[in-house]
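Shown next: start-v4.txt, containing compact mmCIF, C-alpha atoms.
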# COMPACT_ATOMS: atom_id res chain seq x y z
CA MET A 1 -59.85 6.94 -87.65
CA MET A 2 -63.44 8.13 -87.46
CA LEU A 3 -64.72 11.70 -87.24
CA ARG A 4 -65.57 12.67 -83.67
CA ASP A 5 -68.95 13.95 -82.59
CA PRO A 6 -68.57 17.73 -82.00
CA SER A 7 -71.37 17.58 -79.41
CA GLU A 8 -69.77 14.78 -77.38
CA GLU A 9 -70.10 15.58 -73.67
CA GLY A 10 -67.29 15.33 -71.15
CA ARG A 11 -64.52 15.12 -73.70
CA THR A 12 -61.09 15.99 -72.32
CA ALA A 13 -57.49 15.92 -73.50
CA THR A 14 -55.98 12.45 -73.86
CA ASN A 15 -52.78 11.30 -72.18
CA LEU A 16 -51.02 11.40 -75.55
CA GLU A 17 -52.10 14.99 -76.13
CA LEU A 18 -50.77 15.99 -72.70
CA PHE A 19 -47.50 14.18 -73.41
CA PHE A 20 -47.25 16.00 -76.73
CA ASP A 21 -47.61 19.35 -74.93
CA LEU A 22 -44.95 18.47 -72.37
CA VAL A 23 -42.45 17.61 -75.10
CA PHE A 24 -43.35 20.71 -77.07
CA VAL A 25 -42.72 22.99 -74.11
CA VAL A 26 -39.01 22.20 -74.58
CA THR A 27 -39.16 24.25 -77.77
CA VAL A 28 -40.87 27.14 -75.97
CA SER A 29 -38.22 27.01 -73.26
CA ALA A 30 -35.51 27.11 -75.93
CA ILE A 31 -37.11 30.18 -77.52
CA ALA A 32 -37.35 31.98 -74.17
CA GLY A 33 -33.75 31.11 -73.38
CA GLN A 34 -32.42 32.42 -76.68
CA TRP A 35 -34.50 35.59 -76.36
CA HIS A 36 -33.00 36.04 -72.90
CA HIS A 37 -29.49 35.86 -74.38
CA ALA A 38 -30.43 38.26 -77.18
CA ILE A 39 -31.61 40.83 -74.63
CA ALA A 40 -28.49 40.40 -72.51
CA GLY A 41 -26.31 40.85 -75.59
CA GLY A 42 -28.20 43.90 -76.83
CA ASP A 43 -29.18 42.12 -80.05
CA VAL A 44 -32.85 42.92 -79.58
CA ALA A 45 -33.91 43.71 -83.17
CA SER A 46 -32.45 40.54 -84.68
CA GLY A 47 -33.57 38.48 -81.70
CA LEU A 48 -37.11 39.75 -82.03
CA VAL A 49 -37.29 38.70 -85.68
CA SER A 50 -35.91 35.26 -84.80
CA LEU A 51 -38.40 34.93 -81.96
CA ALA A 52 -41.33 35.77 -84.23
CA VAL A 53 -40.27 33.28 -86.93
CA VAL A 54 -39.37 30.42 -84.61
CA MET A 55 -42.48 30.91 -82.50
CA PHE A 56 -44.58 30.68 -85.65
CA ALA A 57 -43.02 27.32 -86.50
CA VAL A 58 -43.60 25.96 -83.01
CA TRP A 59 -47.13 27.33 -82.74
CA TRP A 60 -48.17 26.11 -86.20
CA ALA A 61 -46.78 22.61 -85.67
CA TRP A 62 -48.58 22.41 -82.33
CA MET A 63 -51.76 23.76 -83.93
CA GLY A 64 -51.68 21.10 -86.65
CA PHE A 65 -51.55 18.25 -84.17
CA THR A 66 -54.09 19.81 -81.79
CA TRP A 67 -56.81 20.50 -84.34
CA PHE A 68 -56.38 17.11 -86.02
CA ALA A 69 -56.77 15.35 -82.66
CA ASN A 70 -59.84 17.49 -82.05
CA PHE A 71 -61.46 16.30 -85.27
CA PHE A 72 -60.75 12.57 -85.25
CA ASP A 73 -61.13 9.68 -82.83
CA THR A 74 -58.11 7.44 -83.17
CA ASP A 75 -55.49 5.86 -80.99
CA ASP A 76 -54.19 3.01 -83.12
CA VAL A 77 -50.57 1.94 -83.47
CA ALA A 78 -49.94 3.87 -86.69
CA TYR A 79 -51.31 7.07 -85.15
CA ARG A 80 -49.13 6.70 -82.05
CA LEU A 81 -46.01 5.98 -84.11
CA LEU A 82 -46.59 9.03 -86.32
CA VAL A 83 -47.08 11.18 -83.21
CA PHE A 84 -43.80 9.79 -81.88
CA VAL A 85 -42.09 10.92 -85.09
CA GLN A 86 -43.56 14.37 -84.51
CA LEU A 87 -42.27 14.39 -80.93
CA LEU A 88 -38.74 13.48 -82.06
CA ALA A 89 -38.92 16.16 -84.73
CA SER A 90 -40.01 18.74 -82.15
CA LEU A 91 -36.96 17.93 -80.02
CA GLY A 92 -34.77 18.39 -83.08
CA LEU A 93 -36.57 21.65 -83.80
CA ALA A 94 -35.68 22.83 -80.29
CA SER A 95 -32.03 21.94 -80.95
CA GLY A 96 -32.06 24.08 -84.08
CA ILE A 97 -33.43 27.20 -82.39
CA PRO A 98 -30.05 28.48 -81.11
CA TYR A 99 -28.66 28.34 -84.67
CA VAL A 100 -31.49 30.58 -85.85
CA PHE A 101 -30.94 33.18 -83.12
CA GLN A 102 -27.16 33.18 -83.23
CA ASP A 103 -26.29 32.52 -86.88
CA ASP A 104 -29.51 32.98 -88.89
CA ASP A 105 -29.10 29.33 -89.86
CA PHE A 106 -32.50 27.71 -90.42
CA ARG A 107 -31.37 24.35 -91.76
CA VAL A 108 -31.67 22.21 -88.61
CA MET A 109 -34.92 23.80 -87.50
CA THR A 110 -36.46 23.63 -90.96
CA GLY A 111 -35.46 20.01 -91.53
CA CYS A 112 -37.14 18.99 -88.27
CA TYR A 113 -40.17 21.18 -88.93
CA VAL A 114 -40.62 19.63 -92.37
CA LEU A 115 -40.41 16.12 -90.91
CA LEU A 116 -42.99 17.04 -88.31
CA ARG A 117 -45.37 18.48 -90.87
CA VAL A 118 -44.94 15.61 -93.35
CA ALA A 119 -45.89 13.19 -90.56
CA MET A 120 -48.96 15.34 -90.03
CA SER A 121 -49.85 15.12 -93.72
CA VAL A 122 -49.75 11.32 -93.50
CA GLN A 123 -52.29 11.51 -90.70
CA TRP A 124 -54.55 13.55 -92.97
CA LEU A 125 -54.24 10.97 -95.74
CA ARG A 126 -55.25 8.25 -93.30
CA ALA A 127 -58.21 10.35 -92.19
CA GLY A 128 -59.35 10.83 -95.78
CA ARG A 129 -59.14 7.13 -96.46
CA ALA A 130 -61.22 6.28 -93.38
CA ASN A 131 -63.80 9.02 -94.01
CA PRO A 132 -64.78 9.14 -97.71
CA GLN A 133 -67.00 12.19 -97.21
CA LEU A 134 -63.92 14.11 -96.02
CA ARG A 135 -61.56 12.93 -98.76
CA ARG A 136 -61.35 16.28 -100.56
CA TYR A 137 -60.98 18.07 -97.25
CA SER A 138 -58.16 15.78 -96.13
CA LEU A 139 -56.43 15.97 -99.52
CA ARG A 140 -56.51 19.76 -99.37
CA TRP A 141 -54.81 19.63 -96.00
CA ALA A 142 -52.20 17.11 -97.12
CA SER A 143 -51.39 18.75 -100.46
CA GLY A 144 -51.25 22.18 -98.84
CA ILE A 145 -48.81 20.90 -96.22
CA TRP A 146 -46.58 19.30 -98.88
CA THR A 147 -46.49 22.46 -100.98
CA CYS A 148 -45.47 24.57 -98.01
CA GLN A 149 -42.75 22.13 -96.96
CA VAL A 150 -41.17 22.21 -100.42
CA PHE A 151 -41.08 25.98 -100.13
CA TRP A 152 -39.44 25.85 -96.68
CA VAL A 153 -36.74 23.46 -97.89
CA VAL A 154 -35.91 25.82 -100.78
CA PHE A 155 -35.78 28.71 -98.31
CA ALA A 156 -33.62 27.03 -95.67
CA PHE A 157 -31.04 25.44 -97.96
CA GLY A 158 -30.70 28.32 -100.39
CA HIS A 159 -28.55 31.41 -100.02
CA TRP A 160 -30.78 34.47 -100.03
CA PRO A 161 -30.04 38.16 -99.43
CA GLY A 162 -31.54 39.53 -96.21
CA ALA A 163 -34.51 41.33 -97.77
CA VAL A 164 -35.36 38.35 -99.99
CA ALA A 165 -35.17 36.01 -97.00
CA VAL A 166 -37.62 38.17 -95.04
CA VAL A 167 -40.07 38.21 -97.95
CA MET A 168 -39.77 34.43 -98.33
CA VAL A 169 -40.52 33.90 -94.64
CA LEU A 170 -43.61 36.08 -94.92
CA VAL A 171 -44.77 34.24 -98.04
CA GLY A 172 -44.16 30.85 -96.42
CA CYS A 173 -46.10 31.81 -93.27
CA ALA A 174 -48.95 33.17 -95.38
CA GLY A 175 -49.01 29.91 -97.33
CA GLU A 176 -49.23 27.86 -94.14
CA LEU A 177 -52.08 30.02 -92.84
CA ALA A 178 -53.92 29.74 -96.15
CA VAL A 179 -54.13 25.93 -96.03
CA PRO A 180 -56.90 25.66 -93.39
CA VAL A 181 -58.75 28.57 -94.98
CA TRP A 182 -58.70 26.76 -98.34
CA ALA A 183 -59.66 23.42 -96.79
CA ASN A 184 -62.60 24.91 -94.92
CA ARG A 185 -64.09 26.50 -98.02
CA LEU A 186 -65.78 23.16 -98.69
CA PRO A 187 -69.50 23.00 -97.83
CA PRO A 188 -70.75 21.68 -94.46
CA GLY A 189 -70.70 17.92 -94.33
CA ARG A 190 -67.52 17.88 -96.41
CA ARG A 191 -65.27 19.31 -93.73
CA ALA A 192 -64.52 18.51 -90.09
CA VAL A 193 -66.32 20.29 -87.27
CA THR A 194 -64.62 21.55 -84.11
CA HIS A 195 -65.39 20.19 -80.65
CA PRO A 196 -65.50 23.54 -78.79
CA GLU A 197 -64.86 22.45 -75.20
CA HIS A 198 -61.97 20.18 -76.12
CA ILE A 199 -60.11 22.74 -78.25
CA GLU A 200 -60.57 25.46 -75.63
CA GLU A 201 -59.14 23.13 -73.00
CA ARG A 202 -56.15 22.31 -75.21
CA TYR A 203 -55.23 25.96 -75.67
CA GLY A 204 -55.67 26.61 -71.98
CA LEU A 205 -53.37 23.73 -71.06
CA PHE A 206 -50.60 24.95 -73.34
CA THR A 207 -50.96 28.46 -71.92
CA LEU A 208 -50.59 26.98 -68.45
CA ILE A 209 -47.36 25.26 -69.45
CA ILE A 210 -45.86 28.53 -70.71
CA LEU A 211 -46.93 30.29 -67.51
CA GLY A 212 -45.20 27.49 -65.65
CA GLU A 213 -41.95 28.56 -67.30
CA MET A 214 -42.37 31.94 -65.57
CA VAL A 215 -42.76 30.18 -62.23
CA LEU A 216 -39.53 28.35 -63.02
CA GLY A 217 -37.93 31.79 -63.43
CA ALA A 218 -39.11 32.65 -59.92
CA SER A 219 -37.46 29.50 -58.63
CA GLU A 220 -34.19 30.40 -60.36
CA ALA A 221 -34.31 33.84 -58.74
CA PHE A 222 -34.75 32.24 -55.31
CA ASN A 223 -31.78 29.98 -56.01
CA GLY A 224 -29.75 33.00 -57.06
CA ALA A 225 -30.62 34.74 -53.80
CA LEU A 226 -29.26 31.79 -51.83
CA GLU A 227 -25.96 31.90 -53.72
CA ASP A 228 -25.52 35.66 -54.18
CA HIS A 229 -25.73 37.23 -50.72
CA ALA A 230 -24.81 40.66 -52.08
CA HIS A 231 -28.08 40.82 -54.03
CA SER A 232 -30.22 38.43 -51.99
CA TRP A 233 -33.06 40.80 -51.14
CA PRO A 234 -33.52 42.20 -54.67
CA LEU A 235 -33.47 38.65 -56.03
CA VAL A 236 -35.99 37.44 -53.45
CA THR A 237 -38.22 40.39 -54.31
CA ALA A 238 -37.88 39.60 -58.01
CA ALA A 239 -38.71 35.94 -57.37
CA VAL A 240 -41.91 36.87 -55.56
CA LEU A 241 -42.84 39.35 -58.29
CA CYS A 242 -42.20 36.75 -61.02
CA ALA A 243 -44.68 34.45 -59.32
CA VAL A 244 -47.13 37.34 -58.91
CA LEU A 245 -46.82 38.20 -62.61
CA ALA A 246 -47.53 34.59 -63.65
CA PHE A 247 -50.51 34.48 -61.27
CA LEU A 248 -51.98 37.74 -62.58
CA LEU A 249 -51.64 36.65 -66.20
CA TRP A 250 -53.21 33.30 -65.35
CA TRP A 251 -56.18 35.00 -63.68
CA LEU A 252 -56.71 37.44 -66.54
CA TYR A 253 -56.51 34.68 -69.16
CA PHE A 254 -58.68 32.05 -67.52
CA GLY A 255 -61.02 34.40 -65.72
CA PHE A 256 -61.81 37.05 -68.28
CA LEU A 257 -60.80 36.00 -71.80
CA GLY A 258 -64.42 35.23 -72.64
CA HIS A 259 -66.53 32.37 -73.95
CA TYR A 260 -66.31 31.53 -77.63
CA ASP A 261 -68.51 29.75 -80.13
CA LEU A 262 -65.68 27.68 -81.55
CA GLY A 263 -68.11 25.75 -83.70
CA ASP A 264 -68.20 28.85 -85.91
CA ASN A 265 -65.30 28.86 -88.37
CA ARG A 266 -64.71 32.61 -88.21
CA THR A 267 -64.58 32.62 -84.40
CA ALA A 268 -62.42 29.49 -84.35
CA PHE A 269 -59.90 31.11 -86.71
CA ILE A 270 -59.75 34.27 -84.59
CA TRP A 271 -59.29 32.16 -81.47
CA GLY A 272 -56.64 29.90 -82.97
CA PHE A 273 -54.65 32.54 -84.82
CA GLY A 274 -54.92 35.04 -81.96
CA HIS A 275 -53.19 32.57 -79.69
CA TYR A 276 -50.02 32.92 -81.71
CA PHE A 277 -49.64 36.35 -80.12
CA VAL A 278 -50.70 35.03 -76.71
CA PHE A 279 -48.09 32.26 -76.77
CA ALA A 280 -45.39 34.46 -78.30
CA SER A 281 -45.94 37.30 -75.82
CA LEU A 282 -45.81 34.94 -72.84
CA ALA A 283 -42.64 33.26 -74.15
CA ALA A 284 -41.07 36.69 -74.72
CA ALA A 285 -42.03 37.79 -71.20
CA ASP A 286 -40.45 34.62 -69.83
CA GLY A 287 -37.17 35.37 -71.63
CA ALA A 288 -37.29 38.99 -70.47
CA LEU A 289 -37.66 37.85 -66.85
CA GLY A 290 -34.43 35.89 -67.19
CA ALA A 291 -32.64 38.97 -68.51
CA LEU A 292 -34.14 41.08 -65.74
CA ILE A 293 -32.91 38.69 -63.06
CA ASP A 294 -29.45 38.80 -64.64
CA ALA A 295 -29.56 42.59 -64.46
CA ILE A 296 -30.45 42.44 -60.77
CA ALA A 297 -27.43 40.23 -60.13
CA GLU A 298 -25.38 42.82 -62.05
CA THR A 299 -24.47 40.41 -64.79
CA GLU A 300 -23.13 42.42 -67.70
CA SER A 301 -25.97 43.74 -69.89
CA ALA A 302 -25.76 45.68 -73.13
CA LEU A 303 -29.11 47.38 -72.50
CA PRO A 304 -29.84 50.31 -70.18
CA GLY A 305 -32.34 49.84 -67.35
CA TRP A 306 -35.25 51.29 -69.30
CA GLY A 307 -34.42 48.95 -72.17
CA VAL A 308 -34.60 45.89 -69.92
CA GLY A 309 -37.90 47.19 -68.57
CA LEU A 310 -39.22 47.63 -72.10
CA THR A 311 -38.43 44.02 -73.04
CA LEU A 312 -40.73 42.89 -70.22
CA ALA A 313 -43.42 45.55 -70.52
CA ALA A 314 -43.85 45.22 -74.31
CA PRO A 315 -44.86 41.52 -74.42
CA VAL A 316 -47.15 41.93 -71.42
CA GLY A 317 -48.75 44.91 -73.16
CA VAL A 318 -49.17 42.84 -76.34
CA PHE A 319 -50.81 40.09 -74.28
CA LEU A 320 -53.36 42.58 -72.91
CA LEU A 321 -53.98 44.09 -76.34
CA ILE A 322 -54.62 40.72 -77.98
CA ALA A 323 -56.72 39.55 -75.03
CA SER A 324 -58.92 42.64 -75.33
CA LEU A 325 -59.43 42.06 -79.06
CA MET A 326 -60.21 38.38 -78.51
CA ARG A 327 -62.72 39.34 -75.83
CA ALA A 328 -64.41 41.60 -78.35
CA ALA A 329 -64.50 38.72 -80.85
CA ALA A 330 -66.22 36.62 -78.19
CA GLY A 331 -68.98 39.21 -77.96
CA ALA A 332 -67.76 40.96 -74.82
CA ARG A 333 -67.85 44.74 -74.79
CA LEU A 334 -64.44 46.15 -75.67
CA ARG A 335 -63.45 47.66 -72.35
CA GLY A 336 -61.25 50.71 -72.64
CA TRP A 337 -59.38 49.84 -69.49
CA TRP A 338 -57.82 46.76 -71.10
CA LEU A 339 -56.31 48.98 -73.78
CA CYS A 340 -55.39 51.62 -71.19
CA ALA A 341 -53.76 48.93 -69.06
CA ALA A 342 -51.65 47.82 -72.04
CA ALA A 343 -50.45 51.41 -72.49
CA VAL A 344 -49.81 51.85 -68.76
CA VAL A 345 -47.86 48.61 -68.57
CA LEU A 346 -45.71 49.72 -71.50
CA GLY A 347 -45.05 53.20 -70.09
CA ALA A 348 -44.70 52.30 -66.42
CA GLY A 349 -42.56 49.22 -66.99
CA THR A 350 -40.20 51.09 -69.30
CA GLY A 351 -39.99 54.20 -67.14
CA ALA A 352 -39.56 52.32 -63.87
CA GLY A 353 -36.77 50.31 -65.47
CA SER A 354 -34.63 53.45 -65.26
CA TRP A 355 -34.74 53.08 -61.46
CA GLY A 356 -33.80 49.42 -61.62
CA PRO A 357 -35.06 46.08 -62.93
CA VAL A 358 -37.02 45.27 -59.76
CA TRP A 359 -38.95 48.51 -60.17
CA ALA A 360 -39.81 47.61 -63.75
CA LEU A 361 -41.19 44.25 -62.66
CA ALA A 362 -43.09 45.84 -59.77
CA ALA A 363 -44.64 48.46 -62.07
CA VAL A 364 -45.85 45.83 -64.54
CA CYS A 365 -47.35 43.74 -61.73
CA ALA A 366 -49.04 46.79 -60.20
CA ALA A 367 -50.67 47.76 -63.51
CA LEU A 368 -51.95 44.21 -64.02
CA ALA A 369 -53.26 44.07 -60.46
CA VAL A 370 -55.25 47.29 -60.99
CA LEU A 371 -56.72 45.89 -64.23
CA LEU A 372 -57.64 42.64 -62.51
CA ALA A 373 -59.31 44.47 -59.63
CA ALA A 374 -61.29 46.65 -62.05
CA GLN A 375 -62.42 43.60 -64.00
CA ILE A 376 -63.48 41.73 -60.85
CA ILE A 377 -65.48 44.74 -59.63
CA ASP A 378 -67.10 45.15 -63.05
CA GLU A 379 -68.08 41.48 -63.20
CA ALA A 380 -69.49 41.63 -59.67
CA SER A 381 -71.47 44.76 -60.50
CA GLY A 382 -72.86 43.12 -63.63
CA SER A 383 -73.90 40.04 -61.66
CA ARG A 384 -75.73 42.10 -59.04
CA ALA A 385 -77.45 44.15 -61.75
CA GLY A 386 -78.56 40.94 -63.47
Show me, as structure tokens, the structure contained in the file I just sent.
Amino acid sequence: MMLRDPSEEGRTATNLELFFDLVFVVTVSAIAGQWHHAIAGGDVASGLVSLAVVMFAVWWAWMGFTWFANFFDTDDVAYRLLVFVQLLASLGLASGIPYVFQDDDFRVMTGCYVLLRVAMSVQWLRAGRANPQLRRYSLRWASGIWTCQVFWVVFAFGHWPGAVAVVMVLVGCAGELAVPVWANRLPPGRRAVTHPEHIEERYGLFTLIILGEMVLGASEAFNGALEDHAHSWPLVTAAVLCAVLAFLLWWLYFGFLGHYDLGDNRTAFIWGFGHYFVFASLAAADGALGALIDAIAETESALPGWGVGLTLAAPVGVFLLIASLMRAAAGARLRGWWLCAAAVVLGAGTGAGSWGPVWALAAVCAALAVLLAAQIIDEASGSRAG
């Protein structure tokens, strides 16, 4: 398990990394599905808290594997078997997500998360043994992971009042985030260095998988149109707009998010941590699309039309807000129209929802299309000026 060369050319994701992503998307799908049910049942506040907590667990577990694979060159039997343990744990984590949303029961999810993270700590111990110059670095990772997992077990299997539980979750998340910061305080040569192109590709691939869940929503709307002739045209329109929304978000992310110096620790942290909000907002938008399609089919909904529109517009607006801030971190000029577009999406999607769910979806797509057109024109103008 040797340290990889951060300047290695032509490095791409391995088959095992791609397989890991495909298994992990089951957890994202479970989150979107439970958020969909929370919207339909009108339990938005509680559902939003559950979404934020569960998405953190999924994102952080995925992050741990992704960055470790970025640092080290290994594909031996022990590595593969430990990854398999992580994959099984991620499936168990997905099974525990409904209990969190419906009953505030974290035991199944936490048990699987702890197993996943402990397997990750074993990988770090192996890395430290194989790379003596990184022993302190690897031990910081491993000991930090163990400390956090003890905390999560105490949290999940204890009985805590609501306010105390919220504080414990915040403390636990802060502890997890502090581990890489602590590990990377070691001097250069005593810590691992990021391979920029590989890590950027890995994040892009996972974003693509989440966008694919939106396309699946479009397919479900088409299927609904074939079965529900009374609402066939609204459902067909919604299906097309779901695909348009996924396409617009894809273009904005891959076309205009910017180029990052991920070899710099500060930039890498902004990139990695910022993607929590990217992944969470896309998963939330996916769940909101399911609720919106239900509303079109006149399935019983506890929310008014503007409320359904808000559940879609808000995560898309968050996506634009975070994307604009990440662009600024990459050195791009902070364009006011990205922030304006986030506000327009929020207002137009919510307001148009009062006319009907299809109008809410159309308004969000229209606002994104205007932003995309403005960005394309600006890029073309800059190229001609250069």
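Here the selection is built from all atoms listed in the file, and the residues within 12 Å of (-31.3, 21.8, -78.5) turn out to be A:Val26, A:Thr27, A:Val28, A:Ser29, A:Ala30, A:Ile31, A:Gly33, A:Gln34, A:Leu88, A:Ala89, A:Ser90, A:Leu91, A:Gly92, A:Leu93, A:Ala94, A:Ser95, A:Gly96, A:Ile97, A:Pro98, A:Tyr99, A:Val100, A:Val108, A:Met109, A:Cys112.
Taking atom CA of Leu257 of chain A and atom CA of Met326 of chain A as the two end points, the separation is 7.1 Å.
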Give me, please, the distance in Å between atom CA of Leu48 of chain A and atom CA of Thr311 of chain A, quoted to one decimal. 10.0 Å
Which residue of A:Phe19, A:Phe84, A:Trp338, A:Trp60 approaches Val179 of chain A most closely, using all atoms listed in the file: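 Using all atoms listed in the file, the shortest distance to Val179 of chain A belongs to A:Trp60.
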Within 12 Å of segment 161-169 of chain A: each segment 51-142 of chain A residue with its shortest pair, all atoms listed in the file, as CSV:
residue,atom,partner,partner_atom,distance
A:Ala52,CA,A:Val169,CA,10.6
A:Val53,CA,A:Val169,CA,7.7
A:Val54,CA,A:Val169,CA,10.7
A:Phe56,CA,A:Val169,CA,10.4
A:Ala57,CA,A:Val169,CA,10.8
A:Asp104,CA,A:Gly162,CA,10.0
A:Asp105,CA,A:Ala165,CA,11.5
A:Phe106,CA,A:Ala165,CA,10.9
A:Thr110,CA,A:Val169,CA,11.6
